[in-house]
>>> print(open('protein.tsv').read())   # TSV, C-alpha atoms and all ligand atoms
chain	number	residue	atom	x	y	z
A	1	MET	CA	-16.30	-0.15	-43.56
A	2	ASN	CA	-16.72	-1.98	-40.26
A	3	LEU	CA	-16.32	-0.24	-36.96
A	4	PRO	CA	-13.22	-1.31	-35.03
A	5	THR	CA	-13.97	-3.44	-31.96
A	6	ILE	CA	-14.99	-1.22	-29.08
A	7	THR	CA	-14.13	-2.33	-25.55
A	8	LYS	CA	-17.32	-2.55	-23.55
A	9	PRO	CA	-17.42	-0.93	-20.10
A	10	CYS	CA	-18.12	-3.21	-17.16
A	11	GLN	CA	-21.70	-3.55	-15.99
A	12	LEU	CA	-22.31	-2.50	-12.39
A	13	ALA	CA	-25.73	-2.51	-10.72
A	14	PRO	CA	-28.57	-2.36	-13.30
A	15	GLN	CA	-30.32	0.40	-11.33
A	16	TRP	CA	-28.55	3.31	-9.75
A	17	HIS	CA	-28.83	6.96	-8.76
A	18	PHE	CA	-26.38	9.81	-8.23
A	19	HIS	CA	-26.95	13.14	-6.52
A	20	ASN	CA	-24.51	15.89	-5.61
A	21	PRO	CA	-25.92	19.38	-5.07
A	22	VAL	CA	-22.59	21.23	-4.66
A	23	ARG	CA	-21.91	23.95	-7.22
A	24	VAL	CA	-18.31	23.36	-8.32
A	25	HIS	CA	-15.74	25.75	-9.74
A	26	PHE	CA	-12.29	24.51	-10.72
A	27	GLY	CA	-9.19	26.25	-12.01
A	28	ARG	CA	-6.44	28.70	-11.23
A	29	ASN	CA	-7.82	31.96	-9.83
A	30	CYS	CA	-11.39	30.63	-9.56
A	31	ARG	CA	-11.24	31.87	-5.95
A	32	ARG	CA	-11.78	35.37	-7.39
A	33	ARG	CA	-15.35	34.33	-8.04
A	34	ALA	CA	-15.82	33.26	-4.41
A	35	ALA	CA	-14.45	36.62	-3.29
A	36	ALA	CA	-16.93	38.43	-5.58
A	37	GLU	CA	-19.89	36.33	-4.44
A	38	LEU	CA	-19.16	36.89	-0.75
A	39	ALA	CA	-18.17	40.56	-1.02
A	40	ALA	CA	-21.22	41.98	0.76
A	41	THR	CA	-21.86	39.00	3.03
A	42	ARG	CA	-21.27	38.62	6.75
A	43	CYS	CA	-19.36	35.34	7.02
A	44	LEU	CA	-18.31	32.93	9.67
A	45	ILE	CA	-14.76	32.16	8.48
A	46	VAL	CA	-13.36	28.83	9.60
A	47	THR	CA	-9.66	28.14	9.14
A	48	THR	CA	-6.34	27.46	10.86
A	49	GLN	CA	-3.92	30.13	12.03
A	50	ARG	CA	-1.77	29.43	8.96
A	51	GLY	CA	-4.92	29.59	6.85
A	52	ARG	CA	-5.85	32.99	8.27
A	53	ARG	CA	-2.45	34.34	7.27
A	54	GLN	CA	-2.75	32.81	3.77
A	55	LEU	CA	-6.27	34.20	3.42
A	56	SER	CA	-5.31	37.68	4.58
A	57	ASP	CA	-2.27	37.82	2.27
A	58	ASP	CA	-4.16	36.53	-0.77
A	59	PRO	CA	-4.62	39.11	-3.56
A	60	TRP	CA	-8.25	38.04	-4.19
A	61	LEU	CA	-9.45	36.84	-0.80
A	62	GLY	CA	-7.45	39.25	1.36
A	63	PRO	CA	-9.82	42.23	0.84
A	64	LEU	CA	-12.76	39.96	1.69
A	65	ALA	CA	-11.05	38.75	4.88
A	66	ALA	CA	-10.34	42.36	5.93
A	67	ASN	CA	-14.03	43.11	6.48
A	68	PRO	CA	-14.35	43.63	10.27
A	69	ASP	CA	-17.95	42.34	10.32
A	70	HIS	CA	-16.92	38.71	9.84
A	71	LEU	CA	-16.88	36.19	12.64
A	72	TRP	CA	-13.80	33.97	12.87
A	73	VAL	CA	-12.89	30.51	14.09
A	74	ASP	CA	-9.19	30.42	13.26
A	75	GLY	CA	-7.79	27.88	15.71
A	76	ILE	CA	-8.66	24.66	13.88
A	77	SER	CA	-5.94	22.05	14.28
A	78	GLU	CA	-5.33	18.78	12.43
A	79	ASN	CA	-8.19	16.32	13.08
A	80	PRO	CA	-10.63	18.79	14.69
A	81	ASP	CA	-11.60	18.05	18.26
A	82	VAL	CA	-15.20	17.87	19.46
A	83	PHE	CA	-14.53	19.75	22.71
A	84	TYR	CA	-12.72	22.62	20.98
A	85	LEU	CA	-15.57	22.92	18.49
A	86	GLN	CA	-18.20	22.85	21.23
A	87	GLY	CA	-16.41	25.78	22.89
A	88	GLU	CA	-16.60	27.73	19.64
A	89	ILE	CA	-20.27	26.79	19.15
A	90	ASP	CA	-21.05	28.10	22.66
A	91	ARG	CA	-19.11	31.32	21.96
A	92	LEU	CA	-20.91	31.95	18.65
A	93	ALA	CA	-24.45	30.94	19.69
A	94	GLY	CA	-26.90	33.75	19.00
A	95	GLN	CA	-24.59	35.64	16.63
A	96	SER	CA	-25.86	36.00	13.09
A	97	PHE	CA	-23.99	35.38	9.85
A	98	ASP	CA	-25.18	34.82	6.29
A	99	ALA	CA	-22.64	32.29	5.02
A	100	VAL	CA	-19.80	30.09	6.21
A	101	LEU	CA	-16.44	30.36	4.46
A	102	ALA	CA	-14.29	27.26	4.99
A	103	PHE	CA	-10.65	27.81	4.00
A	104	GLY	CA	-7.89	25.22	4.38
A	105	GLY	CA	-7.36	21.47	4.28
A	106	GLY	CA	-9.79	18.76	5.26
A	107	SER	CA	-9.75	19.67	8.95
A	108	PRO	CA	-11.04	23.27	8.59
A	109	LEU	CA	-13.54	22.14	5.96
A	110	ASP	CA	-14.92	19.38	8.19
A	111	ALA	CA	-14.90	21.70	11.21
A	112	ALA	CA	-16.83	24.31	9.21
A	113	LYS	CA	-19.47	21.72	8.33
A	114	ALA	CA	-19.86	20.84	12.01
A	115	LEU	CA	-20.05	24.49	13.07
A	116	ALA	CA	-22.55	25.39	10.33
A	117	LEU	CA	-24.78	22.51	11.34
A	118	ALA	CA	-24.56	22.98	15.10
A	119	LEU	CA	-25.27	26.73	14.72
A	120	ALA	CA	-28.29	26.16	12.46
A	121	GLU	CA	-31.56	27.31	14.01
A	122	GLN	CA	-33.01	23.78	13.77
A	123	CYS	CA	-30.15	22.41	15.94
A	124	SER	CA	-30.24	25.04	18.69
A	125	GLY	CA	-30.07	23.40	22.09
A	126	CYS	CA	-28.16	20.38	20.72
A	127	GLN	CA	-24.61	19.69	21.76
A	128	LEU	CA	-22.23	18.67	18.97
A	129	ARG	CA	-21.77	15.31	20.70
A	130	ASP	CA	-25.53	14.74	20.42
A	131	LEU	CA	-25.45	15.49	16.69
A	132	LEU	CA	-22.52	13.13	16.18
A	133	ALA	CA	-24.43	10.37	17.97
A	134	ASP	CA	-27.79	10.83	16.28
A	135	PRO	CA	-28.11	11.90	12.60
A	136	THR	CA	-31.90	12.28	12.95
A	137	LEU	CA	-31.26	15.43	15.02
A	138	TYR	CA	-29.94	17.29	11.96
A	139	ARG	CA	-31.82	15.61	9.13
A	140	GLN	CA	-34.10	18.65	8.72
A	141	ALA	CA	-31.42	21.26	9.46
A	142	ARG	CA	-30.88	24.09	7.01
A	143	PRO	CA	-27.45	25.53	7.85
A	144	GLN	CA	-26.24	28.77	6.32
A	145	PRO	CA	-24.62	28.17	2.88
A	146	LEU	CA	-21.09	26.88	3.18
A	147	TYR	CA	-18.48	28.06	0.66
A	148	ALA	CA	-15.54	25.67	0.68
A	149	ILE	CA	-12.12	26.69	-0.61
A	150	PRO	CA	-9.63	23.84	-0.14
A	151	THR	CA	-5.91	24.60	0.12
A	152	THR	CA	-4.78	20.98	-0.08
A	153	ALA	CA	-5.40	18.23	-2.62
A	154	GLY	CA	-6.93	16.62	-0.63
A	155	THR	CA	-9.85	15.16	1.14
A	156	GLY	CA	-12.50	16.24	-1.37
A	157	SER	CA	-14.49	17.45	1.64
A	158	GLU	CA	-15.61	20.46	-0.42
A	159	VAL	CA	-18.04	18.20	-2.33
A	160	THR	CA	-18.97	15.50	0.21
A	161	PRO	CA	-21.81	15.21	2.74
A	162	TYR	CA	-19.42	13.98	5.48
A	163	ALA	CA	-17.36	15.53	8.25
A	164	THR	CA	-14.93	13.68	10.51
A	165	ILE	CA	-14.66	14.98	14.07
A	166	TRP	CA	-12.38	13.51	16.74
A	167	ASP	CA	-12.65	12.93	20.45
A	168	HIS	CA	-8.93	13.00	21.22
A	169	GLN	CA	-9.49	12.25	24.92
A	170	ALA	CA	-11.25	8.96	24.13
A	171	LYS	CA	-9.13	8.36	20.98
A	172	GLN	CA	-12.30	8.02	18.93
A	173	LYS	CA	-13.41	9.28	15.54
A	174	HIS	CA	-16.98	10.40	14.88
A	175	SER	CA	-18.81	11.44	11.72
A	176	LEU	CA	-21.53	13.73	10.51
A	177	ALA	CA	-23.17	12.48	7.33
A	178	GLY	CA	-26.26	13.36	5.35
A	179	PRO	CA	-27.67	15.88	2.87
A	180	ALA	CA	-27.53	18.72	5.41
A	181	VAL	CA	-23.73	18.37	5.53
A	182	PHE	CA	-23.14	19.14	1.82
A	183	PRO	CA	-21.43	22.49	1.18
A	184	HIS	CA	-23.27	25.00	-0.99
A	185	ALA	CA	-20.35	25.76	-3.32
A	186	ALA	CA	-16.78	24.58	-3.85
A	187	PHE	CA	-13.96	26.64	-5.35
A	188	VAL	CA	-11.00	24.39	-6.10
A	189	ASP	CA	-8.12	26.65	-7.03
A	190	PRO	CA	-4.87	24.68	-7.47
A	191	ALA	CA	-2.80	27.86	-7.07
A	192	LEU	CA	-3.57	27.68	-3.34
A	193	THR	CA	-1.62	24.39	-3.14
A	194	ASP	CA	1.53	25.68	-4.89
A	195	THR	CA	3.41	26.35	-1.65
A	196	LEU	CA	2.39	23.24	0.29
A	197	PRO	CA	5.30	21.40	1.94
A	198	ALA	CA	6.13	18.01	0.37
A	199	ALA	CA	5.06	16.00	3.44
A	200	ILE	CA	1.54	17.51	3.38
A	201	THR	CA	1.33	17.13	-0.39
A	202	LEU	CA	2.22	13.46	0.03
A	203	SER	CA	-0.25	12.64	2.76
A	204	THR	CA	-3.15	14.59	1.29
A	205	GLY	CA	-2.40	13.32	-2.23
A	206	LEU	CA	-2.40	9.73	-0.97
A	207	ASP	CA	-5.79	10.39	0.61
A	208	ALA	CA	-7.17	11.59	-2.74
A	209	ILE	CA	-5.77	8.58	-4.61
A	210	ASN	CA	-6.97	6.18	-1.93
A	211	GLN	CA	-10.45	7.69	-1.97
A	212	ALA	CA	-10.66	7.19	-5.73
A	213	ALA	CA	-9.52	3.58	-5.32
A	214	GLU	CA	-11.90	2.94	-2.41
A	215	SER	CA	-14.85	4.13	-4.48
A	216	ILE	CA	-13.89	1.56	-7.15
A	217	TRP	CA	-13.69	-1.48	-4.84
A	218	ASN	CA	-16.98	-0.41	-3.34
A	219	GLN	CA	-20.42	-2.01	-3.31
A	220	ASN	CA	-22.03	1.39	-3.89
A	221	ALA	CA	-20.14	2.12	-7.11
A	222	ASN	CA	-22.14	3.06	-10.19
A	223	PRO	CA	-21.15	4.25	-13.69
A	224	VAL	CA	-20.91	7.90	-12.58
A	225	SER	CA	-18.76	7.27	-9.52
A	226	LEU	CA	-16.58	4.81	-11.44
A	227	ASP	CA	-15.89	7.36	-14.19
A	228	TYR	CA	-15.03	10.05	-11.63
A	229	ALA	CA	-12.73	7.63	-9.79
A	230	ILE	CA	-10.89	6.37	-12.86
A	231	ARG	CA	-10.37	9.91	-14.14
A	232	ALA	CA	-9.11	10.92	-10.68
A	233	LEU	CA	-6.50	8.13	-10.79
A	234	GLN	CA	-5.45	9.02	-14.34
A	235	LEU	CA	-4.70	12.55	-13.14
A	236	GLY	CA	-3.38	11.88	-9.65
A	237	LEU	CA	-1.13	8.82	-10.03
A	238	PRO	CA	1.42	10.50	-12.36
A	239	ALA	CA	1.25	13.83	-10.50
A	240	LEU	CA	1.90	12.77	-6.92
A	241	PRO	CA	5.44	11.25	-7.07
A	242	PRO	CA	7.14	14.34	-8.58
A	243	LEU	CA	5.28	16.64	-6.18
A	244	ALA	CA	6.20	14.49	-3.18
A	245	ALA	CA	9.86	14.50	-4.27
A	246	ALA	CA	10.06	18.25	-4.77
A	247	THR	CA	11.11	20.35	-1.79
A	248	VAL	CA	9.12	23.24	-3.21
A	249	GLY	CA	6.71	23.68	-6.10
A	250	GLY	CA	6.76	20.56	-8.27
A	251	GLY	CA	5.19	22.12	-11.33
A	252	GLU	CA	1.88	23.88	-11.88
A	253	ASN	CA	0.64	21.15	-14.19
A	254	ASN	CA	1.13	18.48	-11.54
A	255	ARG	CA	-0.52	20.69	-8.92
A	256	ASP	CA	-3.51	21.22	-11.23
A	257	ASN	CA	-3.84	17.51	-11.91
A	258	LEU	CA	-3.59	16.51	-8.26
A	259	ALA	CA	-6.18	19.15	-7.29
A	260	GLN	CA	-8.53	17.82	-9.96
A	261	CYS	CA	-7.85	14.24	-8.80
A	262	SER	CA	-8.86	15.23	-5.28
A	263	LEU	CA	-12.04	16.94	-6.47
A	264	LEU	CA	-13.11	14.04	-8.69
A	265	ALA	CA	-12.34	11.48	-5.97
A	266	GLY	CA	-14.45	13.59	-3.61
A	267	LEU	CA	-17.34	13.51	-6.07
A	268	ALA	CA	-16.96	9.72	-6.35
A	269	ILE	CA	-17.01	9.08	-2.60
A	270	SER	CA	-19.80	11.62	-2.10
A	271	HIS	CA	-21.93	8.78	-3.44
A	272	THR	CA	-20.07	5.59	-2.53
A	273	ARG	CA	-18.40	6.58	0.74
A	274	THR	CA	-14.99	5.05	1.41
A	275	ALA	CA	-14.22	1.42	2.32
A	276	LEU	CA	-11.81	-0.85	4.17
A	277	CYS	CA	-8.57	1.18	3.92
A	278	HIS	CA	-10.30	4.15	5.54
A	279	SER	CA	-11.90	1.97	8.19
A	280	ILE	CA	-8.48	0.55	9.10
A	281	SER	CA	-6.88	4.00	9.08
A	282	TYR	CA	-8.84	5.72	11.84
A	283	PRO	CA	-7.27	3.91	14.83
A	284	LEU	CA	-3.82	4.45	13.27
A	285	THR	CA	-4.48	8.18	13.39
A	286	ALA	CA	-6.18	8.14	16.80
A	287	HIS	CA	-3.55	6.02	18.60
A	288	PHE	CA	-0.32	6.77	16.75
A	289	GLY	CA	-0.95	10.14	15.09
A	290	VAL	CA	-0.35	8.77	11.59
A	291	PRO	CA	-1.43	11.44	9.04
A	292	HIS	CA	-4.77	10.48	7.49
A	293	GLY	CA	-3.67	9.92	3.89
A	294	LEU	CA	-0.65	7.88	4.87
A	295	ALA	CA	-2.78	5.77	7.21
A	296	CYS	CA	-5.25	5.10	4.37
A	297	ALA	CA	-2.56	4.28	1.82
A	298	PHE	CA	-0.84	1.80	4.14
A	299	THR	CA	-3.15	-1.10	3.25
A	300	MET	CA	-4.03	-0.05	-0.31
A	301	PRO	CA	-2.10	-2.77	-2.26
A	302	ALA	CA	-3.24	-5.53	0.13
A	303	VAL	CA	-6.88	-4.41	0.01
A	304	LEU	CA	-6.70	-4.28	-3.79
A	305	ARG	CA	-5.30	-7.85	-3.87
A	306	PHE	CA	-8.10	-8.98	-1.56
A	307	SER	CA	-10.77	-7.20	-3.63
A	308	LEU	CA	-9.66	-8.72	-6.93
A	309	GLN	CA	-11.41	-11.97	-5.99
A	310	ALA	CA	-14.69	-10.08	-6.52
A	311	GLU	CA	-13.71	-8.79	-9.98
A	312	ASP	CA	-16.80	-8.07	-12.05
A	313	GLY	CA	-15.04	-6.17	-14.80
A	314	ARG	CA	-14.35	-2.93	-12.93
A	315	PHE	CA	-10.69	-3.73	-12.21
A	316	SER	CA	-10.06	-4.69	-15.83
A	317	GLU	CA	-11.69	-1.45	-16.96
A	318	THR	CA	-9.59	0.56	-14.50
A	319	ALA	CA	-6.40	-1.23	-15.57
A	320	ARG	CA	-7.11	-0.55	-19.26
A	321	ALA	CA	-7.92	3.11	-18.59
A	322	LEU	CA	-4.69	3.63	-16.65
A	323	LEU	CA	-2.24	1.34	-18.43
A	324	GLY	CA	-3.50	0.68	-21.95
A	325	HIS	CA	-5.86	-1.72	-23.66
A	326	ARG	CA	-3.82	-4.86	-22.96
A	327	ALA	CA	-3.52	-4.21	-19.21
A	328	THR	CA	-5.01	-6.62	-16.66
A	329	PRO	CA	-5.98	-6.41	-12.99
A	330	ALA	CA	-2.57	-7.96	-12.18
A	331	ASP	CA	-0.93	-4.91	-13.81
A	332	LEU	CA	-3.13	-2.68	-11.68
A	333	GLU	CA	-1.93	-4.48	-8.56
A	334	GLN	CA	1.68	-3.96	-9.65
A	335	LEU	CA	1.01	-0.27	-10.22
A	336	PHE	CA	-0.34	0.25	-6.70
A	337	THR	CA	2.47	-1.80	-5.15
A	338	ALA	CA	5.07	0.23	-7.07
A	339	LEU	CA	3.50	3.51	-5.89
A	340	HIS	CA	3.52	2.25	-2.29
A	341	THR	CA	7.22	1.37	-2.59
A	342	GLN	CA	8.24	4.51	-4.46
A	343	LEU	CA	6.60	6.79	-1.91
A	344	GLN	CA	8.00	4.73	1.01
A	345	VAL	CA	4.59	4.39	2.60
A	346	GLY	CA	5.57	1.25	4.58
A	347	ALA	CA	8.74	2.81	5.98
A	348	LYS	CA	6.88	5.97	7.01
A	349	ILE	CA	4.21	3.91	8.80
A	350	LYS	CA	6.84	1.81	10.60
A	351	ALA	CA	8.45	5.01	11.86
A	352	GLN	CA	5.22	5.83	13.71
A	353	ILE	CA	3.89	2.43	14.84
A	354	PRO	CA	6.08	0.43	17.23
A	355	SER	CA	5.36	-3.13	16.02
A	356	LEU	CA	3.07	-5.44	14.06
A	357	GLN	CA	1.67	-6.61	17.40
A	358	ALA	CA	0.68	-3.03	18.31
A	359	LEU	CA	-1.09	-2.84	14.96
A	360	LEU	CA	-2.88	-6.16	15.32
A	361	ALA	CA	-4.06	-5.19	18.81
A	362	LEU	CA	-6.29	-2.52	17.23
A	363	GLN	CA	-8.20	-4.88	14.93
A	364	LYS	CA	-11.54	-4.51	16.73
A	365	GLU	CA	-11.48	-0.75	16.26
A	366	MET	CA	-10.64	-1.07	12.57
A	367	ILE	CA	-13.97	-2.47	11.46
A	368	THR	CA	-16.68	0.18	11.16
A	369	PRO	CA	-19.70	-1.18	9.26
A	370	ASP	CA	-20.40	2.02	7.27
A	371	ARG	CA	-16.86	1.89	5.78
A	372	ALA	CA	-15.54	-1.68	5.95
A	373	GLY	CA	-18.99	-2.97	4.95
A	374	ASN	CA	-18.64	-1.30	1.54
A	375	ILE	CA	-15.83	-3.60	0.45
A	376	LEU	CA	-16.66	-5.88	-2.50
A	377	ALA	CA	-15.49	-9.27	-1.23
A	378	PRO	CA	-16.90	-10.68	2.03
A	379	LEU	CA	-14.62	-10.24	5.05
A	380	GLU	CA	-13.62	-13.54	6.68
A	381	PRO	CA	-12.54	-13.69	10.35
A	382	THR	CA	-8.85	-13.77	9.34
A	383	THR	CA	-9.01	-11.24	6.47
A	384	LEU	CA	-8.04	-8.21	8.50
A	385	GLU	CA	-5.05	-9.88	10.16
A	386	ARG	CA	-3.86	-11.04	6.74
A	387	ILE	CA	-4.18	-7.56	5.22
A	388	LEU	CA	-2.35	-5.94	8.14
A	389	THR	CA	0.44	-8.52	8.14
A	390	GLU	CA	0.90	-8.26	4.36
A	391	SER	CA	0.95	-4.47	4.54
A	392	TRP	CA	3.49	-4.49	7.39
A	393	GLN	CA	5.85	-6.75	5.45
B	1	FE	FE	-9.90	10.26	3.41
>>> encode(input="protein.tsv", output="structure tokens")
Amino acid sequence: MNLPTITKPCQLAPQWHFHNPVRVHFGRNCRRRAAAELAATRCLIVTTQRGRRQLSDDPWLGPLAANPDHLWVDGISENPDVFYLQGEIDRLAGQSFDAVLAFGGGSPLDAAKALALALAEQCSGCQLRDLLADPTLYRQARPQPLYAIPTTAGTGSEVTPYATIWDHQAKQKHSLAGPAVFPHAAFVDPALTDTLPAAITLSTGLDAINQAAESIWNQNANPVSLDYAIRALQLGLPALPPLAAATVGGGENNRDNLAQCSLLAGLAISHTRTALCHSISYPLTAHFGVPHGLACAFTMPAVLRFSLQAEDGRFSETARALLGHRATPADLEQLFTALHTQLQVGAKIKAQIPSLQALLALQKEMITPDRAGNILAPLEPTTLERILTESWQ
């Protein structure tokens, strides 16, 4: 008997590597394990005020949070600010702790990475601004182990070696990146996302889906990152619309799938980084306050259309994995356009940005080489204007 014809996977680079040192736990109630591991540990706990209440009320983490020996930074706001964090670094300098517990969405997780690094012995005497400007200053740093417990799904920050920090005065975004920024352990417990409001579920879910997509149309993709990304989309694309439509809840199964989508997309970009959609998004957040995931999703169908000219088999493979063995890259494009329409991404963006001209005026700020440079097809001088105009219409 002959074997049926097996569809071959696409061939990416012939040589590749993949490394992610974060110990990962996934599943409902896996946060119990984090509570057990940190029970006798003096922690620096980094969260928001809402996060502190959630942590304190939690049946598993509440007793841990009640320990009076912990140090707290509980005033993290959306898109953490470099000056606020520097104030906290100055306040905490010289105090000892054995681990950092990051609890919340992407902002507390990124803030915790910055605090852990800036408070590491090897970085003493450095201002956070110095670290953001010069990665060589923290290349040898050995921060205390960071335990990340995300409460959104999400940025995937719990498994990435990146942190985004903002200078709100100058309307600029900065990054920390490198092996020293990786958390020590991640506990992704979807139960923590069950009570998220729909608007936050939508924006953070779009970030997760966009991150998976951006690691596919990415020059750094390899077979491992591609598998993570495709699996993330298989889980996240059907889960997000019902969750975004629900005023509360939305179903445990969908929450579980979106949380896993976020984690797998995080693992994918931990190697590839993100690409053009993210690069375009940062000025939209800095100048107009557009939530991160929404800002990233804005250009997703147009960037996919642009990237298809560099098809080397990866878009066909993704289309088949998501839509069946007869599906083509054109079907994939339709899928992303339909998602964009169904979730009213364009309308939500237009509610926050005054005009296409205001958008086009930011073009220079939208091209950051470490993100936009990852895109598959070469950027022509008019590419960005075309993508922005298409996305606006
Ligand atoms: Fe993102």
>>> closest_residue(input="protein.tsv", among="A:Pro68, A:Gly62, A:Gly250, A:Pro329", to="Asp194 in chain A", atoms="all atoms listed in the file")
A:Gly250
>>> residues_near_ligand(input="protein.tsv", ligand="ligand FE 1 (chain B)", cutoff="12 Å", atoms="all atoms listed in the file", output="VMD selection string")
chain A and resid 79 105 to 107 110 153 to 157 160 162 to 164 203 to 215 262 265 to 266 269 to 270 273 to 282 285 291 to 297 371
>>> residues_around(input="protein.tsv", residues="Phe83 in chain A", least_positions_apart="2", cutoff="9 Å", atoms="all atoms listed in the file", output="PyMOL selection string")
chain A and resi 80-81+85-88+128-129+166-168
>>> residues_near_point(input="protein.tsv", point="(8.5, 8.2, -5.8)", cutoff="6 Å", atoms="all atoms listed in the file", output="PyMOL selection string")
chain A and resi 241+342-343
>>> write_last_selection(input="protein.tsv", atoms="C-alpha atoms", output="compact mmCIF listing (two decimals), in the coordinates of the input")
# COMPACT_ATOMS: atom_id res chain seq x y z
CA PRO A 241 5.44 11.25 -7.07
CA GLN A 342 8.24 4.51 -4.46
CA LEU A 343 6.60 6.79 -1.91
>>> closest_residue(input="protein.tsv", among="A:Ala112, A:Val188, A:Leu202, A:Val82", to="Phe26 in chain A", atoms="only C-alpha atoms")
A:Val188
>>> residues_around(input="protein.tsv", residues="range 352-354 of chain A", least_positions_apart="5", cutoff="12 Å", atoms="all atoms listed in the file", output="ChimeraX atom specification")
/A:283-291,294-295,298,345-347,359-362,392
>>> write_last_selection(input="protein.tsv", atoms="C-alpha atoms", output="PDB file, keeping the file's coordinate frame")
ATOM      1  CA  PRO A 283      -7.270   3.910  14.830  1.00  0.00           C
ATOM      2  CA  LEU A 284      -3.820   4.450  13.270  1.00  0.00           C
ATOM      3  CA  THR A 285      -4.480   8.180  13.390  1.00  0.00           C
ATOM      4  CA  ALA A 286      -6.180   8.140  16.800  1.00  0.00           C
ATOM      5  CA  HIS A 287      -3.550   6.020  18.600  1.00  0.00           C
ATOM      6  CA  PHE A 288      -0.320   6.770  16.750  1.00  0.00           C
ATOM      7  CA  GLY A 289      -0.950  10.140  15.090  1.00  0.00           C
ATOM      8  CA  VAL A 290      -0.350   8.770  11.590  1.00  0.00           C
ATOM      9  CA  PRO A 291      -1.430  11.440   9.040  1.00  0.00           C
ATOM     10  CA  LEU A 294      -0.650   7.880   4.870  1.00  0.00           C
ATOM     11  CA  ALA A 295      -2.780   5.770   7.210  1.00  0.00           C
ATOM     12  CA  PHE A 298      -0.840   1.800   4.140  1.00  0.00           C
ATOM     13  CA  VAL A 345       4.590   4.390   2.600  1.00  0.00           C
ATOM     14  CA  GLY A 346       5.570   1.250   4.580  1.00  0.00           C
ATOM     15  CA  ALA A 347       8.740   2.810   5.980  1.00  0.00           C
ATOM     16  CA  LEU A 359      -1.090  -2.840  14.960  1.00  0.00           C
ATOM     17  CA  LEU A 360      -2.880  -6.160  15.320  1.00  0.00           C
ATOM     18  CA  ALA A 361      -4.060  -5.190  18.810  1.00  0.00           C
ATOM     19  CA  LEU A 362      -6.290  -2.520  17.230  1.00  0.00           C
ATOM     20  CA  TRP A 392       3.490  -4.490   7.390  1.00  0.00           C
TER      21      TRP A 392
END
>>> closest_residue(input="protein.tsv", among="A:Leu192, A:Leu64, A:Val181, A:Ala232", to="Ala116 in chain A", atoms="all atoms listed in the file")
A:Val181
>>> atom_distance(input="protein.tsv", atom1="CA of Leu339 in chain A", atom2="CA of Leu379 in chain A")
25.2 Å
>>> residues_around(input="protein.tsv", residues="range 311-324 of chain A", least_positions_apart="6", cutoff="9 Å", atoms="all atoms listed in the file", output="list of chain:residue names")
A:Thr7, A:Lys8, A:Pro9, A:Cys10, A:Gln11, A:Leu12, A:Ile216, A:Trp217, A:Leu226, A:Ile230, A:Arg231, A:Leu233, A:Gln234, A:Ala330, A:Asp331, A:Leu332, A:Glu333, A:Leu335, A:Leu376, A:Ala377
>>> residues_around(input="protein.tsv", residues="Asp189 in chain A", least_positions_apart="2", cutoff="10 Å", atoms="only C-alpha atoms", output="list in words")
His25, Phe26, Gly27, Arg28, Asn29, Cys30, Arg31, Arg32, Ile149, Pro150, Thr151, Thr152, Ala153, Ala186, Phe187, Ala191, Leu192, Thr193, Asp194, Arg255, Asp256, Ala259 and Gln260 of chain A
>>> write_last_selection(input="protein.tsv", atoms="C-alpha atoms", output="PDB file, in the frame of the given file")
ATOM      1  CA  HIS A  25     -15.740  25.750  -9.740  1.00  0.00           C
ATOM      2  CA  PHE A  26     -12.290  24.510 -10.720  1.00  0.00           C
ATOM      3  CA  GLY A  27      -9.190  26.250 -12.010  1.00  0.00           C
ATOM      4  CA  ARG A  28      -6.440  28.700 -11.230  1.00  0.00           C
ATOM      5  CA  ASN A  29      -7.820  31.960  -9.830  1.00  0.00           C
ATOM      6  CA  CYS A  30     -11.390  30.630  -9.560  1.00  0.00           C
ATOM      7  CA  ARG A  31     -11.240  31.870  -5.950  1.00  0.00           C
ATOM      8  CA  ARG A  32     -11.780  35.370  -7.390  1.00  0.00           C
ATOM      9  CA  ILE A 149     -12.120  26.690  -0.610  1.00  0.00           C
ATOM     10  CA  PRO A 150      -9.630  23.840  -0.140  1.00  0.00           C
ATOM     11  CA  THR A 151      -5.910  24.600   0.120  1.00  0.00           C
ATOM     12  CA  THR A 152      -4.780  20.980  -0.080  1.00  0.00           C
ATOM     13  CA  ALA A 153      -5.400  18.230  -2.620  1.00  0.00           C
ATOM     14  CA  ALA A 186     -16.780  24.580  -3.850  1.00  0.00           C
ATOM     15  CA  PHE A 187     -13.960  26.640  -5.350  1.00  0.00           C
ATOM     16  CA  ALA A 191      -2.800  27.860  -7.070  1.00  0.00           C
ATOM     17  CA  LEU A 192      -3.570  27.680  -3.340  1.00  0.00           C
ATOM     18  CA  THR A 193      -1.620  24.390  -3.140  1.00  0.00           C
ATOM     19  CA  ASP A 194       1.530  25.680  -4.890  1.00  0.00           C
ATOM     20  CA  ARG A 255      -0.520  20.690  -8.920  1.00  0.00           C
ATOM     21  CA  ASP A 256      -3.510  21.220 -11.230  1.00  0.00           C
ATOM     22  CA  ALA A 259      -6.180  19.150  -7.290  1.00  0.00           C
ATOM     23  CA  GLN A 260      -8.530  17.820  -9.960  1.00  0.00           C
TER      24      GLN A 260
END
>>> atom_distance(input="protein.tsv", atom1="CA of Ile375 in chain A", atom2="CA of Val303 in chain A")
9.0 Å
>>> residues_around(input="protein.tsv", residues="range 41-43 of chain A", least_positions_apart="4", cutoff="8 Å", atoms="all atoms listed in the file", output="list in words")
Asp69, His70, Leu71, Phe97, Asp98, Ala99, Val100 and Leu101 of chain A
>>> closest_residue(input="protein.tsv", among="A:Ala170, A:Leu388, A:Cys123, A:Ser96", to="Ile349 in chain A", atoms="all atoms listed in the file")
A:Leu388
